[in-house]
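K.L.:
One structure coming up, written as structure tokens, with questions to follow.
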Amino acid sequence: MKISRRRAFLKYVLAMVLICFSVFSCAKSDTSAQASENKEIRAVTENAYPPLNFSGSDGKGIGFEYDLTNKIADRLGRKVQWNLANWDVMIQSVRQDMYDVAMDGIAMTPERKEQVDFSIPYLMIKQIMLVRSDENRFKTTAEFLALSHARIAVQTGTTNFYVAVNLLKTTPENPGERITLFEHFGSAIQALISGDVDMVILDDISARGYMRSTGGRVKALDEVLSQEEIAYIFPKGSPLVQQFNQSIQAFTQDGTIDALAEKWFVQFEEQNSK
């Protein structure tokens, strides 16, 4: 009888231990999940792409993408930890999970989709040709190509680079002598103004900014070379993709994105063109 009671007691103790362990594990799991949801979003950009992202007069990052990202984080009940990185390492840094999300006017391409996950697009931009304001030798790509010594400037590793390669029918591995690569758009624009190159391929948003900041020394040609969808990038399998997609859809429907576009692509341009 004593043995039976002892066995019953041991079974009771064991059951209680298992229950406590189960409750503790669930609580720990819930706490971990909550901590993951509440932690700061590690965002990264280059801060050199007005009016999408750049430094304000006080040195703080401002622009369309800053505003949109902060609004998405607010909607998710999260804070943003802002970081800066050069464009040439940005995609790789996100791929290696150093950051949770990146934005820098990043075009969706099949090659990039192999490395990172994309959100749904929040902008559509056009690739165009920027030339010196006194340029009269060509107005189209056909006329440019007919000038055998005319040179193109692009930023390394950007969509602009691949547009230039396709235009000249060369390869990324061997772009040819007519393409000059620069680490930053600003350097390419200076090369254009100084006469070292004859054309810069870049997006229409940046083109408007450089036409303003150079005091009219450059102009955009009418021909559109390509159009790209712009989106956020994330490490592969990130749960933030769905959350950002839902926010972008909500902000598209309620007019938030249109209001930000008006603020940065119309009002900002008008204020800084005076």
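Following the order of the structure tokens, chains are lettered A, B, ..., residues in each are numbered from 1, and ligands are numbered from 1.
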Need the shell around A:Ile205: protein/DNA/RNA residues with any atom at most 10 Å away, counting only C-alpha atoms. Skip same-chain ones fewer than 4 positions apart. Format as a PDB file with all heavy atoms, in the first residue's frame?
P.N.:
ATOM      1  N   TYR A  49      20.429  60.665 -51.896  1.00  0.00           N
ATOM      2  CA  TYR A  49      19.498  60.502 -53.012  1.00  0.00           C
ATOM      3  C   TYR A  49      18.287  61.413 -52.824  1.00  0.00           C
ATOM      4  O   TYR A  49      17.174  60.955 -52.634  1.00  0.00           O
ATOM      5  CB  TYR A  49      19.057  59.032 -53.061  1.00  0.00           C
ATOM      6  CG  TYR A  49      18.408  58.570 -54.334  1.00  0.00           C
ATOM      7  CD1 TYR A  49      18.290  57.207 -54.589  1.00  0.00           C
ATOM      8  CD2 TYR A  49      17.890  59.453 -55.279  1.00  0.00           C
ATOM      9  CE1 TYR A  49      17.686  56.733 -55.745  1.00  0.00           C
ATOM     10  CE2 TYR A  49      17.285  58.995 -56.426  1.00  0.00           C
ATOM     11  CZ  TYR A  49      17.177  57.638 -56.647  1.00  0.00           C
ATOM     12  OH  TYR A  49      16.572  57.179 -57.777  1.00  0.00           O
ATOM     13  N   PRO A  50      18.490  62.746 -52.873  1.00  0.00           N
ATOM     14  CA  PRO A  50      17.352  63.647 -52.710  1.00  0.00           C
ATOM     15  C   PRO A  50      16.399  63.550 -53.903  1.00  0.00           C
ATOM     16  O   PRO A  50      16.849  63.332 -55.031  1.00  0.00           O
ATOM     17  CB  PRO A  50      18.019  65.029 -52.647  1.00  0.00           C
ATOM     18  CG  PRO A  50      19.311  64.866 -53.357  1.00  0.00           C
ATOM     19  CD  PRO A  50      19.751  63.448 -53.078  1.00  0.00           C
ATOM     20  N   PRO A  51      15.081  63.658 -53.652  1.00  0.00           N
ATOM     21  CA  PRO A  51      14.432  63.880 -52.352  1.00  0.00           C
ATOM     22  C   PRO A  51      13.996  62.596 -51.654  1.00  0.00           C
ATOM     23  O   PRO A  51      13.187  62.648 -50.746  1.00  0.00           O
ATOM     24  CB  PRO A  51      13.220  64.723 -52.743  1.00  0.00           C
ATOM     25  CG  PRO A  51      12.827  64.156 -54.075  1.00  0.00           C
ATOM     26  CD  PRO A  51      14.117  63.795 -54.768  1.00  0.00           C
ATOM     27  N   LEU A  52      14.544  61.441 -52.056  1.00  0.00           N
ATOM     28  CA  LEU A  52      14.179  60.186 -51.391  1.00  0.00           C
ATOM     29  C   LEU A  52      14.839  60.071 -50.025  1.00  0.00           C
ATOM     30  O   LEU A  52      14.192  59.718 -49.030  1.00  0.00           O
ATOM     31  CB  LEU A  52      14.568  58.987 -52.260  1.00  0.00           C
ATOM     32  CG  LEU A  52      13.831  58.824 -53.584  1.00  0.00           C
ATOM     33  CD1 LEU A  52      14.266  57.551 -54.284  1.00  0.00           C
ATOM     34  CD2 LEU A  52      12.323  58.825 -53.373  1.00  0.00           C
ATOM     35  N   GLY A 105      15.959  54.058 -53.273  1.00  0.00           N
ATOM     36  CA  GLY A 105      15.508  54.067 -54.653  1.00  0.00           C
ATOM     37  C   GLY A 105      15.875  52.773 -55.352  1.00  0.00           C
ATOM     38  O   GLY A 105      16.328  52.778 -56.489  1.00  0.00           O
ATOM     39  N   ILE A 125       9.907  54.857 -61.239  1.00  0.00           N
ATOM     40  CA  ILE A 125      10.803  55.902 -61.737  1.00  0.00           C
ATOM     41  C   ILE A 125      11.250  55.585 -63.155  1.00  0.00           C
ATOM     42  O   ILE A 125      11.187  54.434 -63.598  1.00  0.00           O
ATOM     43  CB  ILE A 125      12.039  56.090 -60.833  1.00  0.00           C
ATOM     44  CG1 ILE A 125      12.909  54.832 -60.818  1.00  0.00           C
ATOM     45  CG2 ILE A 125      11.645  56.489 -59.430  1.00  0.00           C
ATOM     46  CD1 ILE A 125      14.225  55.029 -60.103  1.00  0.00           C
ATOM     47  N   LYS A 126      11.700  56.619 -63.855  1.00  0.00           N
ATOM     48  CA  LYS A 126      12.150  56.492 -65.235  1.00  0.00           C
ATOM     49  C   LYS A 126      13.645  56.753 -65.327  1.00  0.00           C
ATOM     50  O   LYS A 126      14.157  57.646 -64.655  1.00  0.00           O
ATOM     51  CB  LYS A 126      11.400  57.496 -66.119  1.00  0.00           C
ATOM     52  CG  LYS A 126       9.891  57.367 -66.077  1.00  0.00           C
ATOM     53  CD  LYS A 126       9.234  58.522 -66.816  1.00  0.00           C
ATOM     54  CE  LYS A 126       7.722  58.454 -66.722  1.00  0.00           C
ATOM     55  NZ  LYS A 126       7.071  59.620 -67.394  1.00  0.00           N
ATOM     56  N   GLN A 127      14.325  56.004 -66.162  1.00  0.00           N
ATOM     57  CA  GLN A 127      15.732  56.248 -66.448  1.00  0.00           C
ATOM     58  C   GLN A 127      15.829  57.157 -67.681  1.00  0.00           C
ATOM     59  O   GLN A 127      15.237  56.848 -68.729  1.00  0.00           O
ATOM     60  CB  GLN A 127      16.471  54.935 -66.703  1.00  0.00           C
ATOM     61  CG  GLN A 127      16.470  53.982 -65.520  1.00  0.00           C
ATOM     62  CD  GLN A 127      17.215  54.533 -64.323  1.00  0.00           C
ATOM     63  OE1 GLN A 127      18.174  55.293 -64.471  1.00  0.00           O
ATOM     64  NE2 GLN A 127      16.770  54.169 -63.128  1.00  0.00           N
ATOM     65  N   ILE A 128      16.540  58.268 -67.543  1.00  0.00           N
ATOM     66  CA  ILE A 128      16.626  59.240 -68.629  1.00  0.00           C
ATOM     67  C   ILE A 128      18.076  59.669 -68.842  1.00  0.00           C
ATOM     68  O   ILE A 128      18.979  59.233 -68.119  1.00  0.00           O
ATOM     69  CB  ILE A 128      15.745  60.474 -68.337  1.00  0.00           C
ATOM     70  CG1 ILE A 128      16.234  61.171 -67.057  1.00  0.00           C
ATOM     71  CG2 ILE A 128      14.287  60.089 -68.205  1.00  0.00           C
ATOM     72  CD1 ILE A 128      15.542  62.487 -66.789  1.00  0.00           C
ATOM     73  N   GLY A 209      16.676  66.981 -59.252  1.00  0.00           N
ATOM     74  CA  GLY A 209      17.483  67.534 -58.169  1.00  0.00           C
ATOM     75  C   GLY A 209      18.788  68.122 -58.671  1.00  0.00           C
ATOM     76  O   GLY A 209      19.188  69.223 -58.251  1.00  0.00           O
ATOM     77  N   TYR A 210      19.464  67.437 -59.581  1.00  0.00           N
ATOM     78  CA  TYR A 210      20.749  67.938 -60.095  1.00  0.00           C
ATOM     79  C   TYR A 210      20.562  69.139 -61.029  1.00  0.00           C
ATOM     80  O   TYR A 210      21.416  70.028 -61.066  1.00  0.00           O
ATOM     81  CB  TYR A 210      21.507  66.818 -60.803  1.00  0.00           C
ATOM     82  CG  TYR A 210      22.133  65.843 -59.839  1.00  0.00           C
ATOM     83  CD1 TYR A 210      21.778  64.495 -59.844  1.00  0.00           C
ATOM     84  CD2 TYR A 210      23.068  66.269 -58.904  1.00  0.00           C
ATOM     85  CE1 TYR A 210      22.348  63.599 -58.954  1.00  0.00           C
ATOM     86  CE2 TYR A 210      23.643  65.379 -58.007  1.00  0.00           C
ATOM     87  CZ  TYR A 210      23.280  64.050 -58.034  1.00  0.00           C
ATOM     88  OH  TYR A 210      23.831  63.161 -57.135  1.00  0.00           O
ATOM     89  N   PHE A 265       8.093  65.590 -53.986  1.00  0.00           N
ATOM     90  CA  PHE A 265       8.356  65.695 -55.419  1.00  0.00           C
ATOM     91  C   PHE A 265       7.766  66.954 -56.049  1.00  0.00           C
ATOM     92  O   PHE A 265       8.106  67.273 -57.185  1.00  0.00           O
ATOM     93  CB  PHE A 265       7.823  64.462 -56.153  1.00  0.00           C
ATOM     94  CG  PHE A 265       8.374  63.171 -55.627  1.00  0.00           C
ATOM     95  CD1 PHE A 265       7.582  62.039 -55.539  1.00  0.00           C
ATOM     96  CD2 PHE A 265       9.687  63.079 -55.205  1.00  0.00           C
ATOM     97  CE1 PHE A 265       8.094  60.850 -55.053  1.00  0.00           C
ATOM     98  CE2 PHE A 265      10.208  61.893 -54.714  1.00  0.00           C
ATOM     99  CZ  PHE A 265       9.408  60.771 -54.636  1.00  0.00           C
TER     100      PHE A 265
END
K.L.:
Would you pick out the contacts of stretch 259-264 of chain A at 10 Å or less, using only C-alpha atoms, so that residues sharing its chain but fewer than 4 positions from it are not included, and give the list as JSON, numbers by chain?
P.N.:
{"A": [50, 51, 52, 62, 63, 64, 65, 67, 68, 123, 251, 252, 254, 255, 268, 269, 270]}
K.L.:
Print the selection's residues with all heavy atoms to a file, as a tab-separated table (two decimals), in the first residue's frame.
P.N.:
chain	number	residue	atom	x	y	z
A	50	PRO	N	18.49	62.75	-52.87
A	50	PRO	CA	17.35	63.65	-52.71
A	50	PRO	C	16.40	63.55	-53.90
A	50	PRO	O	16.85	63.33	-55.03
A	50	PRO	CB	18.02	65.03	-52.65
A	50	PRO	CG	19.31	64.87	-53.36
A	50	PRO	CD	19.75	63.45	-53.08
A	51	PRO	N	15.08	63.66	-53.65
A	51	PRO	CA	14.43	63.88	-52.35
A	51	PRO	C	14.00	62.60	-51.65
A	51	PRO	O	13.19	62.65	-50.75
A	51	PRO	CB	13.22	64.72	-52.74
A	51	PRO	CG	12.83	64.16	-54.08
A	51	PRO	CD	14.12	63.80	-54.77
A	52	LEU	N	14.54	61.44	-52.06
A	52	LEU	CA	14.18	60.19	-51.39
A	52	LEU	C	14.84	60.07	-50.03
A	52	LEU	O	14.19	59.72	-49.03
A	52	LEU	CB	14.57	58.99	-52.26
A	52	LEU	CG	13.83	58.82	-53.58
A	52	LEU	CD1	14.27	57.55	-54.28
A	52	LEU	CD2	12.32	58.83	-53.37
A	62	ILE	N	16.39	63.09	-43.96
A	62	ILE	CA	15.03	63.45	-44.33
A	62	ILE	C	14.76	62.96	-45.74
A	62	ILE	O	15.66	62.53	-46.46
A	62	ILE	CB	14.80	64.98	-44.26
A	62	ILE	CG1	15.79	65.72	-45.18
A	62	ILE	CG2	14.90	65.47	-42.84
A	62	ILE	CD1	15.51	67.21	-45.28
A	63	GLY	N	13.50	63.02	-46.16
A	63	GLY	CA	13.14	62.66	-47.52
A	63	GLY	C	11.93	61.75	-47.57
A	63	GLY	O	11.40	61.31	-46.54
A	64	PHE	N	11.49	61.45	-48.77
A	64	PHE	CA	10.31	60.62	-48.99
A	64	PHE	C	10.42	59.27	-48.30
A	64	PHE	O	9.50	58.82	-47.61
A	64	PHE	CB	10.10	60.44	-50.49
A	64	PHE	CG	8.96	59.53	-50.86
A	64	PHE	CD1	7.68	60.05	-51.06
A	64	PHE	CD2	9.15	58.17	-51.00
A	64	PHE	CE1	6.62	59.21	-51.39
A	64	PHE	CE2	8.10	57.32	-51.33
A	64	PHE	CZ	6.83	57.85	-51.53
A	65	GLU	N	11.56	58.59	-48.49
A	65	GLU	CA	11.70	57.24	-47.93
A	65	GLU	C	11.81	57.27	-46.41
A	65	GLU	O	11.33	56.33	-45.74
A	65	GLU	CB	12.90	56.55	-48.56
A	65	GLU	CG	12.67	56.19	-50.02
A	65	GLU	CD	13.86	55.53	-50.68
A	65	GLU	OE1	15.01	55.84	-50.30
A	65	GLU	OE2	13.65	54.72	-51.59
A	67	ASP	N	10.24	59.44	-44.45
A	67	ASP	CA	8.88	59.66	-43.97
A	67	ASP	C	8.03	58.40	-44.11
A	67	ASP	O	7.30	58.02	-43.17
A	67	ASP	CB	8.23	60.79	-44.76
A	67	ASP	CG	8.68	62.17	-44.30
A	67	ASP	OD1	9.51	62.23	-43.37
A	67	ASP	OD2	8.23	63.17	-44.88
A	68	LEU	N	8.12	57.74	-45.27
A	68	LEU	CA	7.31	56.55	-45.49
A	68	LEU	C	7.69	55.43	-44.51
A	68	LEU	O	6.82	54.78	-43.92
A	68	LEU	CB	7.46	56.06	-46.93
A	68	LEU	CG	6.68	54.79	-47.29
A	68	LEU	CD1	5.20	54.97	-47.06
A	68	LEU	CD2	6.95	54.39	-48.74
A	123	LEU	N	7.04	53.18	-55.58
A	123	LEU	CA	7.31	54.24	-56.54
A	123	LEU	C	7.61	53.63	-57.91
A	123	LEU	O	8.06	52.48	-58.00
A	123	LEU	CB	8.53	55.07	-56.13
A	123	LEU	CG	8.37	56.22	-55.13
A	123	LEU	CD1	9.73	56.88	-54.92
A	123	LEU	CD2	7.34	57.24	-55.58
A	251	PHE	N	-1.48	52.56	-47.12
A	251	PHE	CA	-1.11	53.96	-47.38
A	251	PHE	C	-1.40	54.37	-48.82
A	251	PHE	O	-1.57	55.56	-49.10
A	251	PHE	CB	0.37	54.17	-47.05
A	251	PHE	CG	0.68	54.12	-45.58
A	251	PHE	CD1	1.94	53.79	-45.12
A	251	PHE	CD2	-0.30	54.39	-44.64
A	251	PHE	CE1	2.24	53.75	-43.76
A	251	PHE	CE2	-0.03	54.36	-43.28
A	251	PHE	CZ	1.24	54.03	-42.84
A	252	THR	N	-1.43	53.41	-49.72
A	252	THR	CA	-1.82	53.71	-51.10
A	252	THR	C	-3.32	54.03	-51.16
A	252	THR	O	-3.76	54.97	-51.81
A	252	THR	CB	-1.50	52.54	-52.03
A	252	THR	OG1	-0.09	52.29	-52.01
A	252	THR	CG2	-1.93	52.83	-53.46
A	254	ASP	N	-5.33	55.00	-48.60
A	254	ASP	CA	-5.80	56.15	-47.82
A	254	ASP	C	-5.17	57.48	-48.24
A	254	ASP	O	-5.45	58.53	-47.66
A	254	ASP	CB	-5.60	55.92	-46.32
A	254	ASP	CG	-4.12	55.92	-45.89
A	254	ASP	OD1	-3.24	56.29	-46.70
A	254	ASP	OD2	-3.84	55.53	-44.74
A	255	GLY	N	-4.30	57.45	-49.27
A	255	GLY	CA	-3.74	58.69	-49.79
A	255	GLY	C	-2.44	59.14	-49.14
A	255	GLY	O	-1.90	60.19	-49.51
A	268	PHE	N	8.67	70.30	-52.27
A	268	PHE	CA	10.11	70.43	-52.01
A	268	PHE	C	10.84	70.97	-53.23
A	268	PHE	O	11.71	71.84	-53.12
A	268	PHE	CB	10.69	69.07	-51.61
A	268	PHE	CG	12.18	69.07	-51.42
A	268	PHE	CD1	12.74	69.56	-50.26
A	268	PHE	CD2	13.02	68.59	-52.42
A	268	PHE	CE1	14.13	69.58	-50.09
A	268	PHE	CE2	14.40	68.59	-52.25
A	268	PHE	CZ	14.94	69.09	-51.09
A	269	GLU	N	10.49	70.46	-54.42
A	269	GLU	CA	11.12	70.92	-55.65
A	269	GLU	C	10.84	72.41	-55.88
A	269	GLU	O	11.73	73.17	-56.26
A	269	GLU	CB	10.63	70.10	-56.85
A	269	GLU	CG	10.99	68.64	-56.80
A	269	GLU	CD	12.49	68.41	-57.00
A	269	GLU	OE1	13.17	69.34	-57.45
A	269	GLU	OE2	12.96	67.30	-56.69
A	270	GLU	N	9.58	72.82	-55.64
A	270	GLU	CA	9.21	74.21	-55.86
A	270	GLU	C	9.95	75.14	-54.88
A	270	GLU	O	10.45	76.20	-55.26
A	270	GLU	CB	7.71	74.39	-55.69
A	270	GLU	CG	6.90	73.74	-56.82
A	270	GLU	CD	5.41	73.84	-56.61
A	270	GLU	OE1	5.00	74.20	-55.48
A	270	GLU	OE2	4.66	73.53	-57.55
K.L.:
If you run DSSP on the backbone, which residues of stretch 54-250 of chain A are strand (DSSP E), as a VMD selection string?
P.N.:
chain A and resid 54 to 55 61 to 62 80 to 84 101 to 102 117 to 118 123 to 132 152 to 155 179 to 182 199 to 203 218 to 230 233 to 234
K.L.:
Among stretch 96-221 of chain A, which ones does DSSP assign to helix (DSSP H, G or I) (computed from the backbone)? Answer as an NGL selection string.
P.N.:
:A and (110-113 or 141-145 or 159-168 or 185-194 or 204-213)
K.L.:
So that I can see what lies close to A:Lys236, please list as a list of chain:residue names the residues with an atom at most 8 Å from it, counting only C-alpha atoms and leaving out residues fewer than 4 positions away in the same chain.
P.N.:
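Here the answer would be A:Arg95, A:Gln115, A:Val116, A:Asp117.
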K.L.:
If we count only C-alpha atoms and set the cut-off at 12 Å, which residues sit around A:Met98, ignoring sequence neighbours fewer than 5 positions away in its own chain? Please answer as a PyMOL selection string.
P.N.:
chain A and resi 41-44+83-85+89-93+234-235
K.L.:
Could you write out the selected residues, including C-alpha atoms, as a CSV table (one decimal), in the first residue's frame?
P.N.:
chain,number,residue,atom,x,y,z
A,41,ILE,CA,13.7,47.9,-37.1
A,42,ARG,CA,17.3,48.2,-38.3
A,43,ALA,CA,16.9,50.3,-41.4
A,44,VAL,CA,19.7,51.4,-43.7
A,83,ASN,CA,21.9,53.4,-40.3
A,84,LEU,CA,24.0,54.6,-43.3
A,85,ALA,CA,25.9,52.5,-45.8
A,89,VAL,CA,27.6,47.2,-50.0
A,90,MET,CA,24.0,47.8,-49.1
A,91,ILE,CA,22.3,44.8,-50.8
A,92,GLN,CA,25.0,42.5,-49.5
A,93,SER,CA,24.6,43.9,-46.0
A,234,PHE,CA,14.8,42.5,-46.8
A,235,PRO,CA,16.8,39.4,-45.8
K.L.:
Separation of atom CA of A:Phe182 and atom CA of A:Val163, in Å?
P.N.:
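Going from atom CA of A:Phe182 over to atom CA of A:Val163 covers 15.0 Å.
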K.L.:
I'd like the interatomic distance between atom CA of A:Ala207 and atom CA of A:Phe144, to a tenth of an Å.
P.N.:
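Calculated distance between atom CA of A:Ala207 and atom CA of A:Phe144 is 18.6 Å.
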K.L.:
Measuring atom to atom with only C-alpha atoms, identify which of A:Lys139, A:Ser247, A:Leu192, A:Ala231 is nearest to A:Met103.
P.N.:
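Checking each candidate against A:Met103, we get A:Ala231 as the closest.
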K.L.:
Just how far from atom CA of A:Gly59 is atom CA of A:Gln155, in Å to one decimal?
P.N.:
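About the pair atom CA of A:Gln155 and atom CA of A:Gly59: they are 24.1 Å apart.
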K.L.:
Residues within 10 Å of A:Ala188, please, as a list in words. Count only C-alpha atoms; anything in the same chain fewer than 2 positions from it doesn't count.
P.N.:
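In the requested format, the answer is Ile152, Ala153, Val154, Gln155, Thr180, Leu181, Phe182, Glu183, His184, Phe185, Gly186, Gln190, Ala191, Leu192, Ile193, Ser194, Asp196, Val197, Met199, Val200 and Ile201 of chain A.
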K.L.:
Please produce a file of those selected residues containing N, CA, C and O atoms, as an mmCIF file, in the first residue's frame.
P.N.:
data_model
loop_
_atom_site.group_PDB
_atom_site.id
_atom_site.type_symbol
_atom_site.label_atom_id
_atom_site.label_comp_id
_atom_site.auth_asym_id
_atom_site.auth_seq_id
_atom_site.Cartn_x
_atom_site.Cartn_y
_atom_site.Cartn_z
ATOM 1 N N ILE A 152 29.452 57.875 -71.683
ATOM 2 C CA ILE A 152 28.371 57.850 -70.690
ATOM 3 C C ILE A 152 28.972 57.698 -69.299
ATOM 4 O O ILE A 152 29.901 56.910 -69.096
ATOM 5 N N ALA A 153 28.426 58.427 -68.316
ATOM 6 C CA ALA A 153 28.823 58.263 -66.912
ATOM 7 C C ALA A 153 27.664 57.645 -66.143
ATOM 8 O O ALA A 153 26.504 58.052 -66.301
ATOM 9 N N VAL A 154 27.964 56.656 -65.315
ATOM 10 C CA VAL A 154 26.950 56.012 -64.477
ATOM 11 C C VAL A 154 27.568 55.666 -63.128
ATOM 12 O O VAL A 154 28.793 55.636 -62.970
ATOM 13 N N GLN A 155 26.693 55.381 -62.161
ATOM 14 C CA GLN A 155 27.170 54.951 -60.853
ATOM 15 C C GLN A 155 27.330 53.439 -60.838
ATOM 16 O O GLN A 155 26.478 52.706 -61.351
ATOM 17 N N THR A 180 31.977 55.292 -68.306
ATOM 18 C CA THR A 180 32.851 55.660 -67.186
ATOM 19 C C THR A 180 32.078 55.456 -65.888
ATOM 20 O O THR A 180 30.966 55.966 -65.730
ATOM 21 N N LEU A 181 32.685 54.698 -64.977
ATOM 22 C CA LEU A 181 32.016 54.357 -63.717
ATOM 23 C C LEU A 181 32.444 55.286 -62.592
ATOM 24 O O LEU A 181 33.616 55.648 -62.471
ATOM 25 N N PHE A 182 31.481 55.655 -61.744
ATOM 26 C CA PHE A 182 31.739 56.488 -60.574
ATOM 27 C C PHE A 182 31.072 55.861 -59.356
ATOM 28 O O PHE A 182 30.039 55.202 -59.471
ATOM 29 N N GLU A 183 31.662 56.083 -58.191
ATOM 30 C CA GLU A 183 31.103 55.542 -56.954
ATOM 31 C C GLU A 183 29.873 56.325 -56.498
ATOM 32 O O GLU A 183 29.008 55.795 -55.804
ATOM 33 N N HIS A 184 29.793 57.601 -56.894
ATOM 34 C CA HIS A 184 28.686 58.450 -56.459
ATOM 35 C C HIS A 184 28.145 59.244 -57.642
ATOM 36 O O HIS A 184 28.903 59.639 -58.542
ATOM 37 N N PHE A 185 26.841 59.480 -57.632
ATOM 38 C CA PHE A 185 26.211 60.251 -58.698
ATOM 39 C C PHE A 185 26.827 61.639 -58.817
ATOM 40 O O PHE A 185 27.010 62.162 -59.920
ATOM 41 N N GLY A 186 27.115 62.259 -57.660
ATOM 42 C CA GLY A 186 27.658 63.617 -57.677
ATOM 43 C C GLY A 186 28.925 63.724 -58.503
ATOM 44 O O GLY A 186 29.137 64.705 -59.227
ATOM 45 N N GLN A 190 29.636 66.008 -61.933
ATOM 46 C CA GLN A 190 30.782 66.913 -62.081
ATOM 47 C C GLN A 190 31.587 66.591 -63.341
ATOM 48 O O GLN A 190 32.077 67.490 -64.025
ATOM 49 N N ALA A 191 31.714 65.307 -63.635
ATOM 50 C CA ALA A 191 32.425 64.905 -64.853
ATOM 51 C C ALA A 191 31.682 65.381 -66.097
ATOM 52 O O ALA A 191 32.297 65.765 -67.097
ATOM 53 N N LEU A 192 30.353 65.353 -66.034
ATOM 54 C CA LEU A 192 29.544 65.846 -67.141
ATOM 55 C C LEU A 192 29.745 67.347 -67.336
ATOM 56 O O LEU A 192 29.987 67.819 -68.457
ATOM 57 N N ILE A 193 29.665 68.101 -66.250
ATOM 58 C CA ILE A 193 29.789 69.558 -66.318
ATOM 59 C C ILE A 193 31.173 69.957 -66.841
ATOM 60 O O ILE A 193 31.309 70.887 -67.642
ATOM 61 N N SER A 194 32.201 69.224 -66.404
ATOM 62 C CA SER A 194 33.578 69.562 -66.801
ATOM 63 C C SER A 194 33.919 69.098 -68.215
ATOM 64 O O SER A 194 34.988 69.425 -68.741
ATOM 65 N N ASP A 196 34.223 65.850 -69.222
ATOM 66 C CA ASP A 196 34.920 64.565 -69.278
ATOM 67 C C ASP A 196 34.040 63.465 -69.861
ATOM 68 O O ASP A 196 34.548 62.467 -70.388
ATOM 69 N N VAL A 197 32.728 63.607 -69.702
ATOM 70 C CA VAL A 197 31.765 62.679 -70.299
ATOM 71 C C VAL A 197 30.698 63.514 -70.996
ATOM 72 O O VAL A 197 30.618 64.737 -70.793
ATOM 73 N N MET A 199 27.207 62.385 -71.289
ATOM 74 C CA MET A 199 25.851 62.094 -70.836
ATOM 75 C C MET A 199 25.905 61.284 -69.554
ATOM 76 O O MET A 199 26.809 60.458 -69.371
ATOM 77 N N VAL A 200 24.957 61.528 -68.659
ATOM 78 C CA VAL A 200 24.793 60.722 -67.449
ATOM 79 C C VAL A 200 23.429 60.064 -67.522
ATOM 80 O O VAL A 200 22.420 60.736 -67.793
ATOM 81 N N ILE A 201 23.377 58.766 -67.316
ATOM 82 C CA ILE A 201 22.093 58.067 -67.235
ATOM 83 C C ILE A 201 21.713 57.974 -65.760
ATOM 84 O O ILE A 201 22.499 57.499 -64.935
#
